[in-house]
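Enquirer: My structure is stored as query.cif, with mmCIF, C-alpha atoms.
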data_query
loop_
_atom_site.group_PDB
_atom_site.id
_atom_site.type_symbol
_atom_site.label_atom_id
_atom_site.label_comp_id
_atom_site.auth_asym_id
_atom_site.auth_seq_id
_atom_site.Cartn_x
_atom_site.Cartn_y
_atom_site.Cartn_z
ATOM 1 C CA MET A 1 127.282 97.493 82.030
ATOM 2 C CA ASN A 2 124.581 97.742 79.370
ATOM 3 C CA THR A 3 124.884 100.013 76.365
ATOM 4 C CA ARG A 4 122.491 102.942 75.908
ATOM 5 C CA ALA A 5 120.671 100.929 73.245
ATOM 6 C CA GLN A 6 120.236 98.018 75.675
ATOM 7 C CA GLN A 7 119.012 100.386 78.384
ATOM 8 C CA LEU A 8 116.390 101.859 76.053
ATOM 9 C CA GLN A 9 115.389 98.377 74.935
ATOM 10 C CA ALA A 10 114.874 97.304 78.558
ATOM 11 C CA PHE A 11 112.755 100.377 79.238
ATOM 12 C CA GLU A 12 110.654 99.731 76.135
ATOM 13 C CA ARG A 13 110.172 96.147 77.327
ATOM 14 C CA LEU A 14 108.825 97.455 80.638
ATOM 15 C CA LEU A 15 106.425 99.790 78.812
ATOM 16 C CA ASP A 16 105.157 96.895 76.702
ATOM 17 C CA ILE A 17 104.633 94.721 79.773
ATOM 18 C CA MET A 18 102.757 97.556 81.480
ATOM 19 C CA ASP A 19 100.458 97.803 78.448
ATOM 20 C CA ASP A 20 99.766 94.062 78.693
ATOM 21 C CA LEU A 21 99.100 94.143 82.428
ATOM 22 C CA ARG A 22 96.772 97.107 82.190
ATOM 23 C CA GLU A 23 94.781 95.374 79.442
ATOM 24 C CA LYS A 24 94.711 91.788 80.698
ATOM 25 C CA CYS A 25 95.351 91.581 84.466
ATOM 26 C CA PRO A 26 92.255 92.090 86.703
ATOM 27 C CA TRP A 27 94.311 93.599 89.544
ATOM 28 C CA ASP A 28 96.325 95.949 87.355
ATOM 29 C CA LYS A 29 93.200 97.059 85.451
ATOM 30 C CA LYS A 30 91.550 98.054 88.730
ATOM 31 C CA GLN A 31 94.322 100.323 90.021
ATOM 32 C CA THR A 32 94.064 104.111 90.169
ATOM 33 C CA LEU A 33 96.487 106.902 91.055
ATOM 34 C CA GLU A 34 95.016 106.912 94.550
ATOM 35 C CA SER A 35 95.147 103.142 95.093
ATOM 36 C CA LEU A 36 98.816 103.004 94.111
ATOM 37 C CA ARG A 37 99.860 105.874 96.398
ATOM 38 C CA HIS A 38 100.340 103.917 99.638
ATOM 39 C CA LEU A 39 102.116 101.133 97.762
ATOM 40 C CA THR A 40 104.546 103.649 96.270
ATOM 41 C CA ILE A 41 105.306 105.038 99.726
ATOM 42 C CA GLU A 42 105.948 101.495 100.977
ATOM 43 C CA GLU A 43 108.284 100.760 98.068
ATOM 44 C CA THR A 44 110.184 103.983 98.753
ATOM 45 C CA TYR A 45 110.784 102.978 102.354
ATOM 46 C CA GLU A 46 111.921 99.527 101.243
ATOM 47 C CA LEU A 47 114.448 101.183 98.944
ATOM 48 C CA GLY A 48 115.580 103.345 101.858
ATOM 49 C CA ASP A 49 116.135 100.233 103.996
ATOM 50 C CA ALA A 50 118.196 98.597 101.255
ATOM 51 C CA ILE A 51 120.335 101.716 100.895
ATOM 52 C CA LEU A 52 121.008 101.886 104.638
ATOM 53 C CA ASP A 53 121.939 98.193 104.585
ATOM 54 C CA ASN A 54 124.195 98.820 101.560
ATOM 55 C CA ASP A 55 122.526 95.812 99.945
ATOM 56 C CA LEU A 56 123.216 96.465 96.251
ATOM 57 C CA PRO A 57 121.201 93.516 94.864
ATOM 58 C CA GLU A 58 118.230 94.628 96.971
ATOM 59 C CA ILE A 59 118.698 98.255 95.868
ATOM 60 C CA LYS A 60 118.493 97.107 92.237
ATOM 61 C CA LYS A 61 115.295 95.184 92.998
ATOM 62 C CA GLU A 62 113.639 98.050 94.858
ATOM 63 C CA LEU A 63 114.588 100.540 92.154
ATOM 64 C CA GLY A 64 112.795 98.260 89.715
ATOM 65 C CA ASP A 65 109.695 98.301 91.904
ATOM 66 C CA LEU A 66 109.738 102.099 92.007
ATOM 67 C CA LEU A 67 110.308 102.327 88.253
ATOM 68 C CA LEU A 68 107.282 100.108 87.749
ATOM 69 C CA HIS A 69 105.187 102.522 89.792
ATOM 70 C CA ILE A 70 106.357 105.492 87.726
ATOM 71 C CA VAL A 71 105.466 103.667 84.505
ATOM 72 C CA PHE A 72 102.139 102.615 86.049
ATOM 73 C CA TYR A 73 101.186 106.201 86.940
ATOM 74 C CA ALA A 74 102.167 107.381 83.470
ATOM 75 C CA LYS A 75 100.078 104.624 81.866
ATOM 76 C CA ILE A 76 97.027 105.685 83.872
ATOM 77 C CA GLY A 77 97.670 109.294 82.890
ATOM 78 C CA SER A 78 97.826 108.337 79.210
ATOM 79 C CA GLU A 79 94.431 106.632 79.407
ATOM 80 C CA THR A 80 92.787 109.956 80.261
ATOM 81 C CA ASN A 81 94.980 111.869 77.792
ATOM 82 C CA ASP A 82 96.480 113.935 80.600
ATOM 83 C CA PHE A 83 100.114 112.816 80.272
ATOM 84 C CA ASP A 84 102.225 109.834 79.288
ATOM 85 C CA ILE A 85 105.735 108.620 80.089
ATOM 86 C CA ALA A 86 107.281 110.923 77.462
ATOM 87 C CA ASP A 87 105.614 113.921 79.115
ATOM 88 C CA VAL A 88 106.949 112.779 82.499
ATOM 89 C CA ALA A 89 110.487 112.374 81.164
ATOM 90 C CA ASN A 90 110.455 115.634 79.218
ATOM 91 C CA SER A 91 109.089 117.494 82.221
ATOM 92 C CA ILE A 92 111.994 116.475 84.438
ATOM 93 C CA CYS A 93 114.491 117.057 81.610
ATOM 94 C CA ASP A 94 113.207 120.594 81.112
ATOM 95 C CA LYS A 95 113.347 121.281 84.832
ATOM 96 C CA LEU A 96 116.890 119.963 85.161
ATOM 97 C CA ILE A 97 118.079 122.125 82.291
ATOM 98 C CA ASP A 98 116.353 125.210 83.722
ATOM 99 C CA ARG A 99 117.692 124.536 87.227
ATOM 100 C CA HIS A 100 121.290 124.037 86.054
ATOM 101 C CA PRO A 101 122.193 127.286 84.280
ATOM 102 C CA HIS A 102 125.825 126.656 85.307
ATOM 103 C CA ILE A 103 125.745 123.637 82.956
ATOM 104 C CA TYR A 104 123.282 124.711 80.259
ATOM 105 C CA GLY A 105 123.759 128.474 80.496
ATOM 106 C CA ASP A 106 126.338 131.103 81.329
ATOM 107 C CA VAL A 107 126.038 131.134 85.134
ATOM 108 C CA VAL A 108 129.279 130.476 87.008
ATOM 109 C CA VAL A 109 129.314 128.693 90.375
ATOM 110 C CA GLU A 110 132.250 127.879 92.621
ATOM 111 C CA ASN A 111 130.832 125.106 94.812
ATOM 112 C CA GLU A 112 127.873 122.890 95.711
ATOM 113 C CA GLU A 113 126.425 125.467 98.104
ATOM 114 C CA GLN A 114 126.042 128.044 95.347
ATOM 115 C CA VAL A 115 124.272 125.451 93.209
ATOM 116 C CA LYS A 116 121.743 124.829 95.995
ATOM 117 C CA GLN A 117 121.192 128.553 96.540
ATOM 118 C CA ASN A 118 120.587 129.114 92.830
ATOM 119 C CA TRP A 119 118.173 126.160 92.814
ATOM 120 C CA GLU A 120 115.947 127.775 95.460
ATOM 121 C CA LYS A 121 116.085 131.207 93.812
ATOM 122 C CA LEU A 122 115.089 129.708 90.467
ATOM 123 C CA LYS A 123 112.088 127.994 92.028
ATOM 124 C CA LEU A 124 110.857 131.337 93.377
ATOM 125 C CA LYS A 125 111.193 132.829 89.886
ATOM 126 C CA GLU A 126 109.006 129.991 88.583
ATOM 127 C CA GLY A 127 106.067 131.353 90.566
ATOM 128 C CA ARG A 128 106.379 129.930 94.063
ATOM 129 C CA THR A 129 105.676 132.450 96.795
ATOM 130 C CA SER A 130 107.639 130.583 99.474
ATOM 131 C CA VAL A 131 110.747 128.417 99.447
ATOM 132 C CA LEU A 132 108.848 126.064 101.768
ATOM 133 C CA GLU A 133 106.112 125.277 99.236
ATOM 134 C CA GLY A 134 108.186 122.382 97.965
ATOM 135 C CA VAL A 135 108.158 120.563 101.321
ATOM 136 C CA PRO A 136 105.435 117.866 101.159
ATOM 137 C CA LYS A 137 102.865 118.159 103.951
ATOM 138 C CA SER A 138 102.724 114.389 104.392
ATOM 139 C CA LEU A 139 106.449 113.942 105.093
ATOM 140 C CA PRO A 140 107.300 112.380 108.465
ATOM 141 C CA ALA A 141 108.027 115.151 110.957
ATOM 142 C CA LEU A 142 111.746 114.413 111.324
ATOM 143 C CA VAL A 143 112.335 114.370 107.569
ATOM 144 C CA LYS A 144 110.151 117.446 107.143
ATOM 145 C CA ALA A 145 112.167 119.407 109.730
ATOM 146 C CA SER A 146 115.375 118.499 107.914
ATOM 147 C CA ARG A 147 113.964 119.585 104.544
ATOM 148 C CA ILE A 148 112.619 122.853 105.989
ATOM 149 C CA GLN A 149 116.038 123.735 107.370
ATOM 150 C CA ASP A 150 117.748 122.801 104.125
ATOM 151 C CA LYS A 151 115.302 124.914 102.121
ATOM 152 C CA VAL A 152 115.695 128.100 104.176
ATOM 153 C CA LYS A 153 119.457 127.653 104.161
ATOM 154 C CA GLY A 154 119.282 127.910 100.372
ATOM 155 C CA VAL A 155 118.182 131.553 100.642
ATOM 156 C CA GLY A 156 120.689 132.442 103.366
ATOM 157 C CA PHE A 157 118.531 131.993 106.489
ATOM 158 C CA ASP A 158 120.976 130.001 108.579
ATOM 159 C CA TRP A 159 123.424 130.053 111.444
ATOM 160 C CA GLU A 160 126.977 131.127 110.683
ATOM 161 C CA GLU A 161 128.925 128.848 113.037
ATOM 162 C CA THR A 162 128.389 125.333 114.367
ATOM 163 C CA HIS A 163 128.899 126.423 117.983
ATOM 164 C CA GLN A 164 125.938 128.806 117.637
ATOM 165 C CA VAL A 165 123.672 125.890 116.774
ATOM 166 C CA TRP A 166 124.912 123.870 119.748
ATOM 167 C CA GLU A 167 124.261 126.845 122.016
ATOM 168 C CA LYS A 168 120.713 126.943 120.646
ATOM 169 C CA VAL A 169 120.316 123.234 121.457
ATOM 170 C CA GLN A 170 121.405 123.898 125.043
ATOM 171 C CA GLU A 171 119.039 126.876 125.257
ATOM 172 C CA GLU A 172 116.099 124.759 124.102
ATOM 173 C CA ILE A 173 116.971 121.969 126.553
ATOM 174 C CA ALA A 174 117.033 124.511 129.401
ATOM 175 C CA GLU A 175 113.603 125.810 128.364
ATOM 176 C CA LEU A 176 112.284 122.238 128.276
ATOM 177 C CA GLN A 177 113.574 121.619 131.796
ATOM 178 C CA VAL A 178 111.721 124.715 133.028
ATOM 179 C CA GLU A 179 108.419 123.374 131.673
ATOM 180 C CA ILE A 180 109.123 119.892 133.062
ATOM 181 C CA ALA A 181 109.606 121.459 136.503
ATOM 182 C CA ALA A 182 106.319 123.361 136.066
ATOM 183 C CA ASN A 183 104.617 120.140 134.892
ATOM 184 C CA ASN A 184 102.920 121.973 132.020
ATOM 185 C CA GLN A 185 102.197 119.183 129.551
ATOM 186 C CA ASP A 186 101.304 121.400 126.590
ATOM 187 C CA LYS A 187 104.393 123.590 126.948
ATOM 188 C CA MET A 188 106.555 120.522 127.604
ATOM 189 C CA GLU A 189 105.488 119.119 124.248
ATOM 190 C CA ALA A 190 106.170 122.423 122.508
ATOM 191 C CA GLU A 191 109.623 122.751 124.046
ATOM 192 C CA PHE A 192 110.448 119.110 123.326
ATOM 193 C CA GLY A 193 109.639 119.798 119.669
ATOM 194 C CA ASP A 194 111.994 122.796 119.773
ATOM 195 C CA VAL A 195 114.749 120.556 121.175
ATOM 196 C CA LEU A 196 114.268 118.031 118.375
ATOM 197 C CA PHE A 197 114.193 120.768 115.726
ATOM 198 C CA SER A 198 117.414 122.296 117.041
ATOM 199 C CA MET A 199 119.110 118.878 117.238
ATOM 200 C CA ILE A 200 118.176 118.199 113.616
ATOM 201 C CA ASN A 201 119.681 121.559 112.730
ATOM 202 C CA TYR A 202 122.855 120.663 114.629
ATOM 203 C CA ALA A 203 123.061 117.360 112.766
ATOM 204 C CA ARG A 204 122.984 119.283 109.499
ATOM 205 C CA PHE A 205 125.975 121.345 110.592
ATOM 206 C CA LEU A 206 127.824 118.120 111.391
ATOM 207 C CA ASN A 207 126.965 116.757 107.924
ATOM 208 C CA ILE A 208 124.841 114.043 109.528
ATOM 209 C CA ASN A 209 121.515 112.983 108.061
ATOM 210 C CA PRO A 210 119.301 112.788 111.177
ATOM 211 C CA GLU A 211 116.894 110.285 109.613
ATOM 212 C CA ASP A 212 119.769 107.935 108.724
ATOM 213 C CA ALA A 213 121.362 108.422 112.150
ATOM 214 C CA LEU A 214 118.138 107.590 113.995
ATOM 215 C CA GLU A 215 117.411 104.605 111.783
ATOM 216 C CA ARG A 216 120.947 103.347 112.425
ATOM 217 C CA THR A 217 120.222 103.502 116.150
ATOM 218 C CA ASN A 218 116.858 101.793 115.633
ATOM 219 C CA LYS A 219 118.541 98.912 113.828
ATOM 220 C CA LYS A 220 121.196 98.671 116.526
ATOM 221 C CA PHE A 221 118.594 98.576 119.292
ATOM 222 C CA ILE A 222 116.522 95.936 117.474
ATOM 223 C CA LYS A 223 119.570 93.727 116.969
ATOM 224 C CA ARG A 224 120.579 93.983 120.630
ATOM 225 C CA PHE A 225 117.060 93.456 121.939
ATOM 226 C CA GLN A 226 116.552 90.393 119.763
ATOM 227 C CA TYR A 227 119.848 89.036 121.114
ATOM 228 C CA LEU A 228 118.428 89.553 124.595
ATOM 229 C CA GLU A 229 115.229 87.717 123.653
ATOM 230 C CA SER A 230 117.246 84.860 122.184
ATOM 231 C CA LYS A 231 119.349 84.470 125.311
ATOM 232 C CA ALA A 232 116.268 84.517 127.523
ATOM 233 C CA SER A 233 114.645 81.852 125.350
ATOM 234 C CA THR A 234 117.777 79.676 125.635
ATOM 235 C CA LEU A 235 117.373 79.807 129.430
ATOM 236 C CA GLY A 236 113.708 78.899 129.126
ATOM 237 C CA LYS A 237 112.622 82.312 130.405
ATOM 238 C CA SER A 238 110.491 85.143 129.122
ATOM 239 C CA LEU A 239 111.720 88.701 129.465
ATOM 240 C CA SER A 240 108.800 89.539 131.740
ATOM 241 C CA ASP A 241 110.129 86.971 134.232
ATOM 242 C CA MET A 242 113.614 88.475 134.328
ATOM 243 C CA THR A 243 114.858 91.365 136.421
ATOM 244 C CA LEU A 244 116.386 94.419 134.801
ATOM 245 C CA ALA A 245 119.739 93.396 136.252
ATOM 246 C CA GLU A 246 119.500 89.986 134.561
ATOM 247 C CA MET A 247 118.510 91.536 131.268
ATOM 248 C CA ASP A 248 121.316 94.062 131.523
ATOM 249 C CA VAL A 249 123.891 91.250 131.574
ATOM 250 C CA PHE A 250 122.738 90.041 128.158
ATOM 251 C CA TRP A 251 122.362 93.606 126.912
ATOM 252 C CA GLU A 252 126.041 94.251 127.619
ATOM 253 C CA GLU A 253 126.886 90.995 125.819
ATOM 254 C CA ALA A 254 124.859 92.159 122.833
ATOM 255 C CA LYS A 255 126.813 95.400 122.678
ATOM 256 C CA LYS A 256 130.049 93.437 122.426
ATOM 257 C CA VAL A 257 128.626 91.183 119.727
#
As structure tokens, please, write out the structure in this file.
Expert:
Amino acid sequence: MNTRAQQLQAFERLLDIMDDLREKCPWDKKQTLESLRHLTIEETYELGDAILDNDLPEIKKELGDLLLHIVFYAKIGSETNDFDIADVANSICDKLIDRHPHIYGDVVVENEEQVKQNWEKLKLKEGRTSVLEGVPKSLPALVKASRIQDKVKGVGFDWEETHQVWEKVQEEIAELQVEIAANNQDKMEAEFGDVLFSMINYARFLNINPEDALERTNKKFIKRFQYLESKASTLGKSLSDMTLAEMDVFWEEAKKV
């Protein structure tokens, strides 16, 4: 691994390159905070894919892409004298020190859960009126539900036992079935959302990340379906020409593969 001096040298190299690009490259000169936003989101998802695939070389690459974006934003901020990369780094350093009084102060904690509870309490002391203010509005719904539940848990609003959460899941499923029987589309949607929310909560009690679990299933389905497409192509058929029974034969093969 690199020494601290080598790490700082590499970071300085990136800052110098960013200066060059912003001055000389037509594309880089044109970018704004707003134009980079969707690209940053895309890079974040690419990093997430690499992590789920446990592809360490790809993780390194995607981390570099994200680091570039951070440096890029800071460069733009420096051009308007609003902030630069030192301000960004010092801001997070200050926050980490303030949020870890058990490391940089005299607070004593016994476990991870107490650390998380202190974290949420400290944020309220910083001026937030709700523990949910820190949940981004633009998060995908599944991730947002998970973050909401994690946030309120930090201030003690949570179930006590896992079986209670499972009972809530069953209760919500029963309520959904009532609305399905009544064929009330609006209430069906509302109850379906309650089922998903309660399942995400249950996943948390099982120490399962629901986003990772669903993405794992997505990848599994894609792999099996593409196997099915490949087998159909080998037979000179399209899937639309096959019966469900024929497709099911290959689907079962895919599960074994």
Enquirer: Select, from A:Leu33, A:Asn2, A:Ile41, A:Gly156, the residue with the minimum atom-to-atom distance to Ser138 (chain A), counting only C-alpha atoms.
Expert: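 Among A:Leu33, A:Asn2, A:Ile41, A:Gly156, it is A:Ile41 that comes nearest to Ser138 (chain A).
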Enquirer: Hey, can you check how far CA of Tyr227 (chain A) sits from CA of Asp53 (chain A)?
Expert: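 Atom-to-atom, CA of Tyr227 (chain A) to CA of Asp53 (chain A), that is 19.0 Å.
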Enquirer: If the PyMOL selection byres ((chain A and resi 192-202) around 8) is run on the structure shown, which residues does it catch, given as an MDAnalysis selection string?
Expert: chainID A and resid 142 145:146 149 162 165:166 168:169 172:173 176 188:191 203:206 210
Enquirer: Considering all atoms listed in the file, can you say which of A:Asn90, A:Thr80, A:Gln226, A:Asn111 comes closest to Thr32 (chain A)?
Expert: A:Thr80
Enquirer: List the neighbours of Val131 (chain A) out to 10 Å using all atoms listed in the file; skip same-chain residues closer than 2 positions along the sequence, and give me the result as a list of chain:residue names.
Expert: A:Glu120, A:Lys121, A:Lys123, A:Leu124, A:Arg128, A:Thr129, A:Glu133, A:Gly134, A:Val135, A:Ile148, A:Lys151, A:Val152, A:Lys153, A:Gly154, A:Val155
Enquirer: State, in Å with one decimal place, the distance from CA of Gly48 (chain A) to CA of Phe225 (chain A).
Expert: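 Separating CA of Gly48 (chain A) from CA of Phe225 (chain A) is a distance of 22.4 Å.
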Enquirer: Would you mind reading off the distance between CA of Ser35 (chain A) and CA of Asp87 (chain A), one decimal, in Å?
Expert: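 Here the two named atoms are 21.9 Å from each other.
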Enquirer: Report as a list of chain:residue names the full result of the PyMOL selection byres ((chain A and resi 46) around 12) when it is applied to this structure.
Expert: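 This file, filtered by the PyMOL selection byres ((chain A and resi 46) around 12), leaves A:Leu39, A:Thr40, A:Ile41, A:Glu42, A:Glu43, A:Thr44, A:Tyr45, A:Leu47, A:Gly48, A:Asp49, A:Ala50, A:Ile51, A:Leu52, A:Asp53, A:Asp55, A:Glu58, A:Ile59, A:Lys60, A:Lys61, A:Glu62, A:Leu63, A:Gly64, A:Asp65, A:Leu66.
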Enquirer: Limited to C-alpha atoms, could you put the picked residues into a file as a PDB file, in the frame of the given file?
Expert:
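This went into result.pdb:
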ATOM      1  CA  LEU A  39     102.116 101.133  97.762  1.00  0.00           C
ATOM      2  CA  THR A  40     104.546 103.649  96.270  1.00  0.00           C
ATOM      3  CA  ILE A  41     105.306 105.038  99.726  1.00  0.00           C
ATOM      4  CA  GLU A  42     105.948 101.495 100.977  1.00  0.00           C
ATOM      5  CA  GLU A  43     108.284 100.760  98.068  1.00  0.00           C
ATOM      6  CA  THR A  44     110.184 103.983  98.753  1.00  0.00           C
ATOM      7  CA  TYR A  45     110.784 102.978 102.354  1.00  0.00           C
ATOM      8  CA  LEU A  47     114.448 101.183  98.944  1.00  0.00           C
ATOM      9  CA  GLY A  48     115.580 103.345 101.858  1.00  0.00           C
ATOM     10  CA  ASP A  49     116.135 100.233 103.996  1.00  0.00           C
ATOM     11  CA  ALA A  50     118.196  98.597 101.255  1.00  0.00           C
ATOM     12  CA  ILE A  51     120.335 101.716 100.895  1.00  0.00           C
ATOM     13  CA  LEU A  52     121.008 101.886 104.638  1.00  0.00           C
ATOM     14  CA  ASP A  53     121.939  98.193 104.585  1.00  0.00           C
ATOM     15  CA  ASP A  55     122.526  95.812  99.945  1.00  0.00           C
ATOM     16  CA  GLU A  58     118.230  94.628  96.971  1.00  0.00           C
ATOM     17  CA  ILE A  59     118.698  98.255  95.868  1.00  0.00           C
ATOM     18  CA  LYS A  60     118.493  97.107  92.237  1.00  0.00           C
ATOM     19  CA  LYS A  61     115.295  95.184  92.998  1.00  0.00           C
ATOM     20  CA  GLU A  62     113.639  98.050  94.858  1.00  0.00           C
ATOM     21  CA  LEU A  63     114.588 100.540  92.154  1.00  0.00           C
ATOM     22  CA  GLY A  64     112.795  98.260  89.715  1.00  0.00           C
ATOM     23  CA  ASP A  65     109.695  98.301  91.904  1.00  0.00           C
ATOM     24  CA  LEU A  66     109.738 102.099  92.007  1.00  0.00           C
TER      25      LEU A  66
END
Enquirer: So which residues touch Gln31 (chain A) within 9 Å, counting all atoms listed in the file, skipping near sequence neighbours fewer than 4 positions away, as number ranges by chain?
Expert: A: 22, 27, 35-36, 76
Enquirer: With the PyMOL selection byres ((chain A and resi 231) around 12) as the selection, what would be picked from this file? Answer as a PyMOL selection string, please.
Expert: chain A and resi 224-230+232-239+242+246-251+253-254
Enquirer: Contacts of Tyr104 (chain A) at 12 Å or less, counting all atoms listed in the file, minus same-chain residues fewer than 4 places along, as a list in words?
Expert: Cys93, Asp94, Lys95, Leu96, Ile97, Asp98, Arg99, His100 and Val108 of chain A
Enquirer: Store the residues picked out above, limited to C-alpha atoms, as a PDB file, in the coordinates of the input.
Expert:
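Produced file result_26.pdb, reproduced below:
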ATOM      1  CA  CYS A  93     114.491 117.057  81.610  1.00  0.00           C
ATOM      2  CA  ASP A  94     113.207 120.594  81.112  1.00  0.00           C
ATOM      3  CA  LYS A  95     113.347 121.281  84.832  1.00  0.00           C
ATOM      4  CA  LEU A  96     116.890 119.963  85.161  1.00  0.00           C
ATOM      5  CA  ILE A  97     118.079 122.125  82.291  1.00  0.00           C
ATOM      6  CA  ASP A  98     116.353 125.210  83.722  1.00  0.00           C
ATOM      7  CA  ARG A  99     117.692 124.536  87.227  1.00  0.00           C
ATOM      8  CA  HIS A 100     121.290 124.037  86.054  1.00  0.00           C
ATOM      9  CA  VAL A 108     129.279 130.476  87.008  1.00  0.00           C
TER      10      VAL A 108
END
Enquirer: Go through A:Lys125, A:Arg37, A:Arg4, A:Lys29 and flag the residue nearest Glu79 (chain A), using all atoms listed in the file for the distances.
Expert: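 When distances to Glu79 (chain A) are compared using all atoms listed in the file, the smallest one comes from A:Lys29.
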Enquirer: Give the answer as one residue: which of A:Cys25, A:Ile17, A:Ala5, A:Ile103 has the shortest atom-to-atom distance to Lys75 (chain A), using all atoms listed in the file?
Expert: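 Smallest distance to Lys75 (chain A) is found for A:Ile17.
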